[in-house]
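Data from model-v2.txt: compact mmCIF, C-alpha atoms
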# COMPACT_ATOMS: atom_id res chain seq x y z
CA MET A 1 95.94 69.24 114.34
CA ALA A 2 94.71 70.55 110.99
CA LYS A 3 96.18 73.83 109.85
CA LYS A 4 93.93 76.86 110.05
CA THR A 5 93.74 79.67 107.50
CA THR A 6 92.85 83.29 108.17
CA LEU A 7 89.35 82.63 106.82
CA ASP A 8 88.98 79.68 109.20
CA ILE A 9 89.86 81.89 112.18
CA LYS A 10 87.56 84.62 110.86
CA ARG A 11 84.61 82.19 110.74
CA MET A 12 85.48 80.81 114.19
CA ILE A 13 85.47 84.30 115.71
CA GLU A 14 82.19 85.23 114.02
CA ASN A 15 80.53 82.01 115.22
CA ARG A 16 81.69 82.47 118.82
CA LEU A 17 80.74 86.15 119.00
CA LYS A 18 77.54 85.80 117.01
CA ASP A 19 75.18 88.44 118.35
CA GLU A 20 72.82 90.90 116.72
CA LYS A 21 74.54 93.83 118.44
CA TRP A 22 77.94 93.18 116.80
CA ARG A 23 79.02 94.01 113.25
CA PHE A 24 81.96 92.19 111.61
CA ILE A 25 84.08 94.06 109.06
CA TYR A 26 86.67 92.07 107.14
CA ASP A 27 89.67 93.84 105.60
CA ARG A 28 90.90 91.39 102.97
CA GLU A 29 94.04 93.41 102.19
CA LYS A 30 95.24 93.70 105.81
CA GLU A 31 93.75 90.34 106.86
CA ASP A 32 92.09 92.07 109.82
CA LEU A 33 88.65 91.46 111.30
CA ARG A 34 87.01 94.37 113.10
CA ILE A 35 84.27 93.66 115.63
CA GLU A 36 82.18 96.67 116.60
CA GLY A 37 78.85 97.61 118.09
CA LYS A 38 76.25 98.33 115.42
CA GLU A 39 74.92 101.32 117.32
CA SER A 40 78.05 102.59 119.06
CA GLN A 41 80.54 101.85 116.25
CA LYS A 42 83.05 101.22 119.04
CA GLY A 43 85.12 98.13 118.55
CA MET A 44 88.48 96.52 117.95
CA SER A 45 90.41 94.82 115.16
CA VAL A 46 91.98 91.37 115.28
CA SER A 47 95.01 90.50 113.16
CA LEU A 48 94.01 87.20 111.60
CA ASN A 49 97.57 86.41 110.52
CA SER A 50 98.77 86.74 114.12
CA ALA A 51 95.83 84.67 115.35
CA VAL A 52 96.67 81.88 112.88
CA ALA A 53 100.35 81.87 113.92
CA LYS A 54 99.44 81.64 117.60
CA TYR A 55 96.87 78.91 116.91
CA GLU A 56 99.51 76.85 115.12
CA SER A 57 101.94 77.12 118.04
CA GLU A 58 99.50 76.86 120.97
CA GLY A 59 96.37 75.25 119.57
CA GLU A 60 92.84 75.74 120.84
CA ALA A 61 94.03 77.46 124.03
CA ALA A 62 95.29 80.38 121.92
CA PHE A 63 91.87 80.81 120.32
CA GLU A 64 90.09 80.67 123.68
CA GLU A 65 92.48 83.32 125.02
CA LEU A 66 91.80 85.52 121.97
CA ILE A 67 88.03 85.24 122.45
CA TYR A 68 88.38 86.05 126.14
CA TYR A 69 90.32 89.27 125.50
CA VAL A 70 88.01 90.36 122.68
CA GLU A 71 84.89 89.80 124.82
CA GLU A 72 86.41 91.64 127.78
CA ALA A 73 87.55 94.55 125.61
CA LEU A 74 84.14 94.90 123.95
CA ALA A 75 82.39 94.70 127.30
CA ALA A 76 84.63 97.44 128.71
CA MET A 77 83.96 99.66 125.68
CA HIS A 78 80.21 99.31 126.03
CA SER A 79 79.84 99.72 129.78
CA GLU A 80 79.64 102.88 131.84
CA THR A 81 82.95 103.33 133.60
CA VAL A 82 82.80 103.68 137.36
CA PHE A 83 85.77 105.74 138.52
CA LEU A 84 87.06 104.53 141.88
CA GLU A 85 90.31 105.95 143.29
CA GLU A 86 91.53 102.57 144.56
CA GLN A 87 91.24 101.07 141.07
CA VAL A 88 93.61 103.52 139.36
CA LEU A 89 96.98 101.99 138.43
CA PRO A 90 99.92 102.93 136.19
CA VAL A 91 100.65 100.94 133.03
CA ILE A 92 104.03 100.92 131.26
CA ARG A 93 103.93 100.75 127.46
CA ALA A 94 106.38 101.24 124.61
CA THR A 95 106.46 104.72 123.07
CA SER A 96 105.16 103.09 119.87
CA PHE A 97 101.89 102.27 121.66
CA PRO A 98 98.94 104.43 120.45
CA THR A 99 98.56 107.75 122.26
CA GLU A 100 94.88 108.29 121.49
CA LYS A 101 91.77 106.20 122.00
CA GLU A 102 90.08 107.71 118.98
CA GLU A 103 90.68 110.79 116.92
CA GLY A 104 90.83 113.84 119.16
CA ASN A 105 90.65 111.84 122.41
CA LEU A 106 94.14 111.32 123.81
CA PHE A 107 95.08 108.83 126.50
CA VAL A 108 96.34 110.39 129.72
CA THR A 109 100.10 109.73 129.79
CA SER A 110 103.33 110.77 131.50
CA GLU A 111 106.87 110.75 130.13
CA HIS A 112 109.09 107.96 131.41
CA THR A 113 112.10 107.12 129.19
CA ALA A 114 112.89 107.47 125.50
CA GLU A 115 111.64 103.87 125.10
CA THR A 116 108.69 103.83 127.49
CA ARG A 117 105.65 105.85 128.48
CA VAL A 118 103.29 105.71 131.47
CA TYR A 119 99.55 105.28 130.89
CA TYR A 120 96.88 105.03 133.57
CA ALA A 121 94.17 102.41 133.92
CA ILE A 122 90.98 101.80 135.84
CA ASP A 123 91.30 98.18 136.88
CA SER A 124 88.36 95.88 137.49
CA GLU A 125 88.42 92.20 138.39
CA LYS A 126 88.60 90.92 134.81
CA THR A 127 89.91 93.75 132.68
CA TYR A 128 91.09 97.34 132.71
CA GLN A 129 90.38 100.51 130.78
CA LEU A 130 93.04 103.06 129.92
CA ILE A 131 92.11 106.54 131.06
CA ASP A 132 91.60 109.02 128.22
CA GLU A 133 91.06 112.77 128.39
CA ASN A 134 87.27 112.46 128.08
CA LEU A 135 87.17 110.10 131.03
CA LEU A 136 89.56 112.34 132.98
CA THR A 137 87.23 115.31 132.45
CA LYS A 138 84.20 113.31 133.61
CA SER A 139 86.07 112.14 136.73
CA GLY A 140 86.76 115.66 137.95
CA TYR A 141 90.38 114.78 138.77
CA THR A 142 93.54 116.34 137.38
CA LYS A 143 96.30 114.39 135.64
CA GLU A 144 98.57 115.01 138.65
CA GLN A 145 95.95 113.56 141.02
CA ILE A 146 95.58 110.47 138.80
CA HIS A 147 99.35 110.01 138.82
CA THR A 148 99.48 110.24 142.62
CA MET A 149 96.59 107.76 143.02
CA ALA A 150 98.20 105.30 140.62
CA LEU A 151 101.59 105.27 142.37
CA PHE A 152 99.97 105.03 145.80
CA ASN A 153 97.92 102.00 144.73
CA LEU A 154 100.95 100.42 143.04
CA ARG A 155 103.00 100.63 146.24
CA LYS A 156 100.31 98.63 148.07
CA MET A 157 100.54 95.72 145.62
CA PRO A 158 102.72 92.73 146.58
CA ALA A 159 105.50 91.61 144.25
CA ASN A 160 106.26 87.93 143.74
CA ILE A 161 110.00 87.65 143.16
CA LYS A 162 111.94 84.67 141.83
CA GLU A 163 115.71 84.80 142.30
CA ASP A 164 118.26 83.06 140.09
CA THR A 165 122.07 83.04 139.94
CA VAL A 166 123.81 82.69 136.59
CA ALA A 167 127.62 82.87 136.27
CA GLU A 168 127.81 84.63 139.68
CA ASN A 169 125.29 87.28 138.61
CA ILE A 170 122.01 87.59 140.54
CA PHE A 171 118.74 88.01 138.66
CA TYR A 172 115.37 88.83 140.22
CA PHE A 173 112.19 88.23 138.22
CA VAL A 174 108.96 89.97 139.21
CA ARG A 175 106.12 87.86 137.77
CA THR A 176 103.01 88.32 139.87
CA ASN A 177 100.76 87.79 136.81
CA ASP A 178 98.42 90.62 137.73
CA GLY A 179 99.08 92.69 134.60
CA TYR A 180 101.25 95.24 136.40
CA ASP A 181 104.63 93.53 136.75
CA ALA A 182 106.41 95.94 134.39
CA SER A 183 104.69 98.84 136.17
CA ARG A 184 106.55 97.99 139.36
CA VAL A 185 109.56 99.75 137.86
CA LEU A 186 107.70 102.90 139.01
CA ASN A 187 107.72 101.76 142.65
CA GLY A 188 110.73 103.65 144.00
CA THR A 189 110.40 102.13 147.47
CA PHE A 190 110.54 98.61 146.06
CA LEU A 191 113.56 99.42 143.85
CA LYS A 192 115.44 100.95 146.79
CA GLU A 193 114.92 97.76 148.78
CA ILE A 194 116.39 95.73 145.92
CA GLN A 195 119.19 98.24 145.43
CA SER A 196 120.29 97.78 149.04
CA LYS A 197 121.04 94.11 148.28
CA VAL A 198 122.98 94.72 145.06
CA LYS A 199 126.77 94.36 145.16
CA GLY A 200 127.47 94.90 141.46
CA GLU A 201 125.76 97.16 138.91
CA LEU A 202 121.98 97.35 139.06
CA LEU A 203 120.25 96.88 135.69
CA LEU A 204 116.53 96.74 134.99
CA GLY A 205 114.70 95.08 132.13
CA ILE A 206 111.14 95.89 131.02
CA PRO A 207 110.79 93.51 128.04
CA HIS A 208 107.01 93.10 128.23
CA GLY A 209 104.05 94.02 130.39
CA ASP A 210 104.05 90.88 132.52
CA VAL A 211 107.62 90.82 133.80
CA LEU A 212 110.23 93.06 135.42
CA ILE A 213 113.84 91.84 135.40
CA ILE A 214 116.24 93.20 138.02
CA ALA A 215 119.89 92.24 137.65
CA ASP A 216 122.85 92.47 140.00
CA ILE A 217 125.62 92.41 137.38
CA ARG A 218 128.93 91.32 138.88
CA ASN A 219 131.00 90.47 135.80
CA ASN A 220 131.08 91.03 132.03
CA VAL A 221 129.26 87.77 131.30
CA GLY A 222 126.31 89.17 133.24
CA TYR A 223 125.76 91.89 130.64
CA ASP A 224 125.43 89.32 127.86
CA ILE A 225 123.05 87.21 129.93
CA MET A 226 120.89 90.26 130.68
CA ALA A 227 120.77 91.20 126.99
CA GLN A 228 119.76 87.66 125.99
CA MET A 229 117.08 87.47 128.68
CA ASN A 230 115.58 90.80 127.68
CA MET A 231 115.46 89.83 124.01
CA SER A 232 113.91 86.44 124.79
CA PHE A 233 111.17 87.92 126.98
CA PHE A 234 110.59 90.78 124.53
CA ALA A 235 110.06 88.35 121.64
CA SER A 236 107.64 86.14 123.59
CA GLY A 237 105.54 88.75 125.41
CA LYS A 238 101.90 89.51 124.64
CA ILE A 239 102.61 93.20 125.20
CA PRO A 240 106.25 93.80 124.18
CA ILE A 241 107.81 96.99 125.54
CA THR A 242 111.59 97.16 124.96
CA SER A 243 114.55 94.79 124.68
CA LEU A 244 116.91 97.44 126.11
CA SER A 245 118.31 97.31 129.63
CA PHE A 246 118.34 100.30 131.95
CA ALA A 247 120.80 101.42 134.61
CA TYR A 248 119.08 102.64 137.78
CA GLU A 249 120.78 105.47 139.62
CA ASN A 250 119.43 108.40 141.64
CA GLU A 251 115.90 107.12 140.95
CA LYS A 252 116.41 107.56 137.20
CA LEU A 253 116.56 105.02 134.36
CA THR A 254 119.26 105.33 131.70
CA PRO A 255 119.30 103.03 128.63
CA VAL A 256 122.28 100.70 128.44
CA PHE A 257 123.40 99.25 125.09
CA ILE A 258 125.12 95.91 125.56
CA LEU A 259 127.54 94.66 122.90
CA GLY A 260 129.83 91.64 123.17
CA LYS A 261 130.28 91.30 126.91
CA GLN A 262 130.69 95.04 127.23
CA LYS A 263 128.24 97.80 127.99
CA LYS A 264 127.98 101.13 126.24
CA GLN A 265 125.86 103.97 127.49

Please go through the file and, once you have read it, give me the structure as structure tokens.
Amino acid sequence: MAKKTTLDIKRMIENRLKDEKWRFIYDREKEDLRIEGKESQKGMSVSLNSAVAKYESEGEAAFEELIYYVEEALAAMHSETVFLEEQVLPVIRATSFPTEKEEGNLFVTSEHTAETRVYYAIDSEKTYQLIDENLLTKSGYTKEQIHTMALFNLRKMPANIKEDTVAENIFYFVRTNDGYDASRVLNGTFLKEIQSKVKGELLLGIPHGDVLIIADIRNNVGYDIMAQMNMSFFASGKIPITSLSFAYENEKLTPVFILGKQKKQ
């Protein structure tokens, strides 16, 4: 497979998304390509360096995935949002994630931990749109009502769990692949069910948006394994959140720093 340059990827994107309604703006210094509507000026930027790196490791499939997400994001930006209560869901993101959609228009969020923040999304079959303050105003709902809707809908969603035992420690992996696996850390009913099975210390990992790790730590080796798992998932995730582990007690999450087969809080 021939190596691609940033300019190669730029041309490939422009050719695939060629349409009179889109404008392409290339930032040579940042190696970013912005795609936006000519009339709306709404759009998104693609890091060409990241796209090249992913293409080199995953090939054509990586490019097709990139085009898919760009097309879905642009479509969501340029369509009238229909606000349906049953489509509202919570989304966990790192605190480094942007807090505003555009200048002066904040996303609707709730505090979670020092590492994580809760956003809210309107989910459709193919994509989702984060709820911002403008959309909240149009909906007629309050932030508290949105939060209640989101948690109610989350509790109705099934969770596919894979269980694994490593050095006598039990690990549960929630990977339903619906975009809300990390969000299930907000489902208190689900966590209580898991907690009732745990014989050691319960730790949770939220390394990226598409996985939730639940660990029943029964010996010191388990802490190291949990730390390694979190770091591995964090490094490979499309939407990294945090490599830290969390202790779960009294329905609260507390960061746990793991060093050399020991834990420090």

message: Applying 6 Å and only C-alpha atoms, which residues near stretch 116-125 of chain A remain after dropping the ones on its own chain fewer than 3 positions away? List them as a list in words.
response: Gln87, Val88, Leu89, Pro90, Val91, Ile92, Arg93, Ala94, Thr95, Thr109, Ser110, Glu111, His112, Thr113, Tyr128, Gln129, Leu130 and Ile131 of chain A

- prompt: For A:Ser50, which residue among A:Ile35, A:Met157, A:Ile225, A:Ile9 is the nearest when counting all atoms listed in the file?
  reply: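 Between A:Ile35, A:Met157, A:Ile225, A:Ile9, the residue approaching A:Ser50 most closely is A:Ile9.
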
Separation of atom CA of A:Ala215 from atom CA of A:Glu251 in Å: 15.8 Å

- prompt: Rounded to one decimal in Å, what is the spacing between atom CA of A:Asp216 and atom CA of A:Gln195?
  reply: 8.7 Å

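The list of residues within 9 Å of (96.2, 107.4, 141.4), counted using all atoms listed in the file, is Glu85, Glu86, Gln87, Val88, Leu89, Pro90, Tyr120, Glu144, Gln145, Ile146, His147, Thr148, Met149, Ala150, Leu151, Phe152, Asn153 and Leu154 of chain A.
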
query: atom CA of A:Met231 and atom CA of A:Ala247 are how many Å apart?
result: 16.6 Å

query: A:Ile214: which residues within 7 Å, counting only C-alpha atoms, same-chain residues fewer than 3 positions away excluded, as a list in words?
result: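 Neighbouring residues, sequence-local ones excluded: Phe171, Tyr172, Phe173, Leu203, Leu204 and Gly205 of chain A.
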
- request: Name the residues in contact with A:His78 at a cut-off of 12 Å, using only C-alpha atoms, excluding same-chain residues fewer than 3 positions from it; report them as a ChimeraX atom specification.
  value: /A:21-22,36-44,71-75,81,129

Give me the residues within 8 Å of A:Pro240 as a PDB file with C-alpha atoms, in the frame of the given file, counting all atoms listed in the file and dropping any in the same chain fewer than 5 places off.
ATOM      1  CA  ALA A  94     106.380 101.240 124.610  1.00  0.00           C
ATOM      2  CA  PRO A 207     110.790  93.510 128.040  1.00  0.00           C
ATOM      3  CA  HIS A 208     107.010  93.100 128.230  1.00  0.00           C
ATOM      4  CA  GLY A 209     104.050  94.020 130.390  1.00  0.00           C
ATOM      5  CA  PHE A 234     110.590  90.780 124.530  1.00  0.00           C
ATOM      6  CA  ALA A 235     110.060  88.350 121.640  1.00  0.00           C
TER       7      ALA A 235
END

query: If we count only C-alpha atoms, what is near A:Asn219 at a cut-off of 9 Å, once residues fewer than 2 positions away on the same chain are taken out, given as a PyMOL selection string?
result: chain A and resi 167-169+200+217+221-223+261

message: Please determine, counting all atoms listed in the file, which residue among A:Glu103, A:Glu29, A:Thr127, A:Gln228 has the shortest atom-to-atom distance to A:Tyr69.
response: A:Thr127

message: Is it possible to get the residues within 7 Å of (110.7, 89.1, 144.2) (coordinates as in the file, counting all atoms listed in the file) written as a ChimeraX atom specification?
response: /A:159-163,172-174

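Closest approach to A:Ser243 from the set A:Tyr68, A:Tyr26, A:Tyr180, A:Phe257 is made by A:Phe257, with distances taken over only C-alpha atoms.
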
message: Under the rule that all atoms listed in the file are counted, which of A:Ser236, A:Met77, A:Val52, A:Lys197 is the nearest residue to A:Asp32?
response: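 Residue with the minimum atom-to-atom distance to A:Asp32: A:Val52.
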
Coords for stretch 136-163 of chain A, N, CA, C and O atoms, as a PDB file, in the first residue's frame:
ATOM      1  N   LEU A 136     -31.795  23.919  23.692  1.00  0.00           N
ATOM      2  CA  LEU A 136     -32.546  23.751  24.940  1.00  0.00           C
ATOM      3  C   LEU A 136     -33.671  24.777  25.026  1.00  0.00           C
ATOM      4  O   LEU A 136     -34.810  24.448  25.381  1.00  0.00           O
ATOM      5  N   THR A 137     -33.364  26.014  24.678  1.00  0.00           N
ATOM      6  CA  THR A 137     -34.375  27.082  24.710  1.00  0.00           C
ATOM      7  C   THR A 137     -35.521  26.778  23.753  1.00  0.00           C
ATOM      8  O   THR A 137     -36.706  26.921  24.094  1.00  0.00           O
ATOM      9  N   LYS A 138     -35.186  26.333  22.534  1.00  0.00           N
ATOM     10  CA  LYS A 138     -36.205  26.011  21.536  1.00  0.00           C
ATOM     11  C   LYS A 138     -37.087  24.849  21.988  1.00  0.00           C
ATOM     12  O   LYS A 138     -38.274  24.794  21.670  1.00  0.00           O
ATOM     13  N   SER A 139     -36.500  23.907  22.733  1.00  0.00           N
ATOM     14  CA  SER A 139     -37.241  22.711  23.146  1.00  0.00           C
ATOM     15  C   SER A 139     -38.317  23.019  24.190  1.00  0.00           C
ATOM     16  O   SER A 139     -39.307  22.302  24.302  1.00  0.00           O
ATOM     17  N   GLY A 140     -38.068  24.067  24.984  1.00  0.00           N
ATOM     18  CA  GLY A 140     -39.021  24.396  26.041  1.00  0.00           C
ATOM     19  C   GLY A 140     -38.789  23.628  27.327  1.00  0.00           C
ATOM     20  O   GLY A 140     -39.519  23.805  28.307  1.00  0.00           O
ATOM     21  N   TYR A 141     -37.757  22.758  27.347  1.00  0.00           N
ATOM     22  CA  TYR A 141     -37.450  21.992  28.551  1.00  0.00           C
ATOM     23  C   TYR A 141     -36.398  22.712  29.388  1.00  0.00           C
ATOM     24  O   TYR A 141     -35.669  23.571  28.895  1.00  0.00           O
ATOM     25  N   THR A 142     -36.293  22.319  30.650  1.00  0.00           N
ATOM     26  CA  THR A 142     -35.229  22.821  31.510  1.00  0.00           C
ATOM     27  C   THR A 142     -34.065  21.823  31.483  1.00  0.00           C
ATOM     28  O   THR A 142     -34.233  20.666  31.060  1.00  0.00           O
ATOM     29  N   LYS A 143     -32.916  22.267  31.961  1.00  0.00           N
ATOM     30  CA  LYS A 143     -31.758  21.371  32.038  1.00  0.00           C
ATOM     31  C   LYS A 143     -32.064  20.166  32.936  1.00  0.00           C
ATOM     32  O   LYS A 143     -31.688  19.035  32.628  1.00  0.00           O
ATOM     33  N   GLU A 144     -32.766  20.407  34.035  1.00  0.00           N
ATOM     34  CA  GLU A 144     -33.111  19.324  34.966  1.00  0.00           C
ATOM     35  C   GLU A 144     -34.016  18.287  34.295  1.00  0.00           C
ATOM     36  O   GLU A 144     -33.867  17.078  34.503  1.00  0.00           O
ATOM     37  N   GLN A 145     -34.955  18.761  33.472  1.00  0.00           N
ATOM     38  CA  GLN A 145     -35.840  17.831  32.756  1.00  0.00           C
ATOM     39  C   GLN A 145     -35.057  17.003  31.741  1.00  0.00           C
ATOM     40  O   GLN A 145     -35.301  15.800  31.583  1.00  0.00           O
ATOM     41  N   ILE A 146     -34.103  17.639  31.057  1.00  0.00           N
ATOM     42  CA  ILE A 146     -33.262  16.925  30.090  1.00  0.00           C
ATOM     43  C   ILE A 146     -32.452  15.841  30.797  1.00  0.00           C
ATOM     44  O   ILE A 146     -32.341  14.709  30.316  1.00  0.00           O
ATOM     45  N   HIS A 147     -31.917  16.189  31.965  1.00  0.00           N
ATOM     46  CA  HIS A 147     -31.122  15.227  32.741  1.00  0.00           C
ATOM     47  C   HIS A 147     -31.974  14.018  33.139  1.00  0.00           C
ATOM     48  O   HIS A 147     -31.551  12.867  32.998  1.00  0.00           O
ATOM     49  N   THR A 148     -33.184  14.281  33.605  1.00  0.00           N
ATOM     50  CA  THR A 148     -34.092  13.202  34.011  1.00  0.00           C
ATOM     51  C   THR A 148     -34.452  12.309  32.819  1.00  0.00           C
ATOM     52  O   THR A 148     -34.453  11.076  32.926  1.00  0.00           O
ATOM     53  N   MET A 149     -34.766  12.928  31.680  1.00  0.00           N
ATOM     54  CA  MET A 149     -35.080  12.161  30.455  1.00  0.00           C
ATOM     55  C   MET A 149     -33.909  11.255  30.074  1.00  0.00           C
ATOM     56  O   MET A 149     -34.093  10.069  29.753  1.00  0.00           O
ATOM     57  N   ALA A 150     -32.717  11.838  30.088  1.00  0.00           N
ATOM     58  CA  ALA A 150     -31.527  11.117  29.637  1.00  0.00           C
ATOM     59  C   ALA A 150     -31.261   9.883  30.497  1.00  0.00           C
ATOM     60  O   ALA A 150     -31.003   8.791  29.978  1.00  0.00           O
ATOM     61  N   LEU A 151     -31.336  10.044  31.822  1.00  0.00           N
ATOM     62  CA  LEU A 151     -31.082   8.905  32.711  1.00  0.00           C
ATOM     63  C   LEU A 151     -32.180   7.858  32.601  1.00  0.00           C
ATOM     64  O   LEU A 151     -31.909   6.650  32.664  1.00  0.00           O
ATOM     65  N   PHE A 152     -33.416   8.292  32.423  1.00  0.00           N
ATOM     66  CA  PHE A 152     -34.531   7.354  32.256  1.00  0.00           C
ATOM     67  C   PHE A 152     -34.321   6.505  31.003  1.00  0.00           C
ATOM     68  O   PHE A 152     -34.479   5.276  31.027  1.00  0.00           O
ATOM     69  N   ASN A 153     -33.964   7.161  29.895  1.00  0.00           N
ATOM     70  CA  ASN A 153     -33.746   6.435  28.641  1.00  0.00           C
ATOM     71  C   ASN A 153     -32.528   5.517  28.728  1.00  0.00           C
ATOM     72  O   ASN A 153     -32.523   4.421  28.154  1.00  0.00           O
ATOM     73  N   LEU A 154     -31.493   5.958  29.441  1.00  0.00           N
ATOM     74  CA  LEU A 154     -30.291   5.138  29.605  1.00  0.00           C
ATOM     75  C   LEU A 154     -30.610   3.846  30.343  1.00  0.00           C
ATOM     76  O   LEU A 154     -30.115   2.770  29.984  1.00  0.00           O
ATOM     77  N   ARG A 155     -31.435   3.947  31.384  1.00  0.00           N
ATOM     78  CA  ARG A 155     -31.765   2.755  32.178  1.00  0.00           C
ATOM     79  C   ARG A 155     -32.521   1.711  31.362  1.00  0.00           C
ATOM     80  O   ARG A 155     -32.512   0.522  31.699  1.00  0.00           O
ATOM     81  N   LYS A 156     -33.176   2.123  30.299  1.00  0.00           N
ATOM     82  CA  LYS A 156     -33.934   1.186  29.454  1.00  0.00           C
ATOM     83  C   LYS A 156     -33.036   0.443  28.465  1.00  0.00           C
ATOM     84  O   LYS A 156     -33.470  -0.542  27.864  1.00  0.00           O
ATOM     85  N   MET A 157     -31.798   0.923  28.299  1.00  0.00           N
ATOM     86  CA  MET A 157     -30.914   0.331  27.291  1.00  0.00           C
ATOM     87  C   MET A 157     -30.230  -0.919  27.839  1.00  0.00           C
ATOM     88  O   MET A 157     -29.731  -0.917  28.962  1.00  0.00           O
ATOM     89  N   PRO A 158     -30.190  -2.000  27.060  1.00  0.00           N
ATOM     90  CA  PRO A 158     -29.496  -3.212  27.505  1.00  0.00           C
ATOM     91  C   PRO A 158     -27.983  -2.992  27.533  1.00  0.00           C
ATOM     92  O   PRO A 158     -27.469  -2.090  26.875  1.00  0.00           O
ATOM     93  N   ALA A 159     -27.296  -3.799  28.307  1.00  0.00           N
ATOM     94  CA  ALA A 159     -25.831  -3.706  28.373  1.00  0.00           C
ATOM     95  C   ALA A 159     -25.226  -5.077  28.099  1.00  0.00           C
ATOM     96  O   ALA A 159     -25.487  -6.032  28.841  1.00  0.00           O
ATOM     97  N   ASN A 160     -24.471  -5.181  27.014  1.00  0.00           N
ATOM     98  CA  ASN A 160     -23.779  -6.432  26.704  1.00  0.00           C
ATOM     99  C   ASN A 160     -22.494  -6.500  27.521  1.00  0.00           C
ATOM    100  O   ASN A 160     -21.634  -5.629  27.410  1.00  0.00           O
ATOM    101  N   ILE A 161     -22.386  -7.526  28.353  1.00  0.00           N
ATOM    102  CA  ILE A 161     -21.251  -7.633  29.271  1.00  0.00           C
ATOM    103  C   ILE A 161     -20.424  -8.876  28.957  1.00  0.00           C
ATOM    104  O   ILE A 161     -20.951  -9.971  28.825  1.00  0.00           O
ATOM    105  N   LYS A 162     -19.113  -8.677  28.839  1.00  0.00           N
ATOM    106  CA  LYS A 162     -18.181  -9.786  28.695  1.00  0.00           C
ATOM    107  C   LYS A 162     -17.387  -9.889  29.988  1.00  0.00           C
ATOM    108  O   LYS A 162     -16.876  -8.886  30.493  1.00  0.00           O
ATOM    109  N   GLU A 163     -17.298 -11.085  30.537  1.00  0.00           N
ATOM    110  CA  GLU A 163     -16.602 -11.290  31.803  1.00  0.00           C
ATOM    111  C   GLU A 163     -15.281 -12.016  31.568  1.00  0.00           C
ATOM    112  O   GLU A 163     -15.193 -12.925  30.740  1.00  0.00           O
TER     113      GLU A 163
END
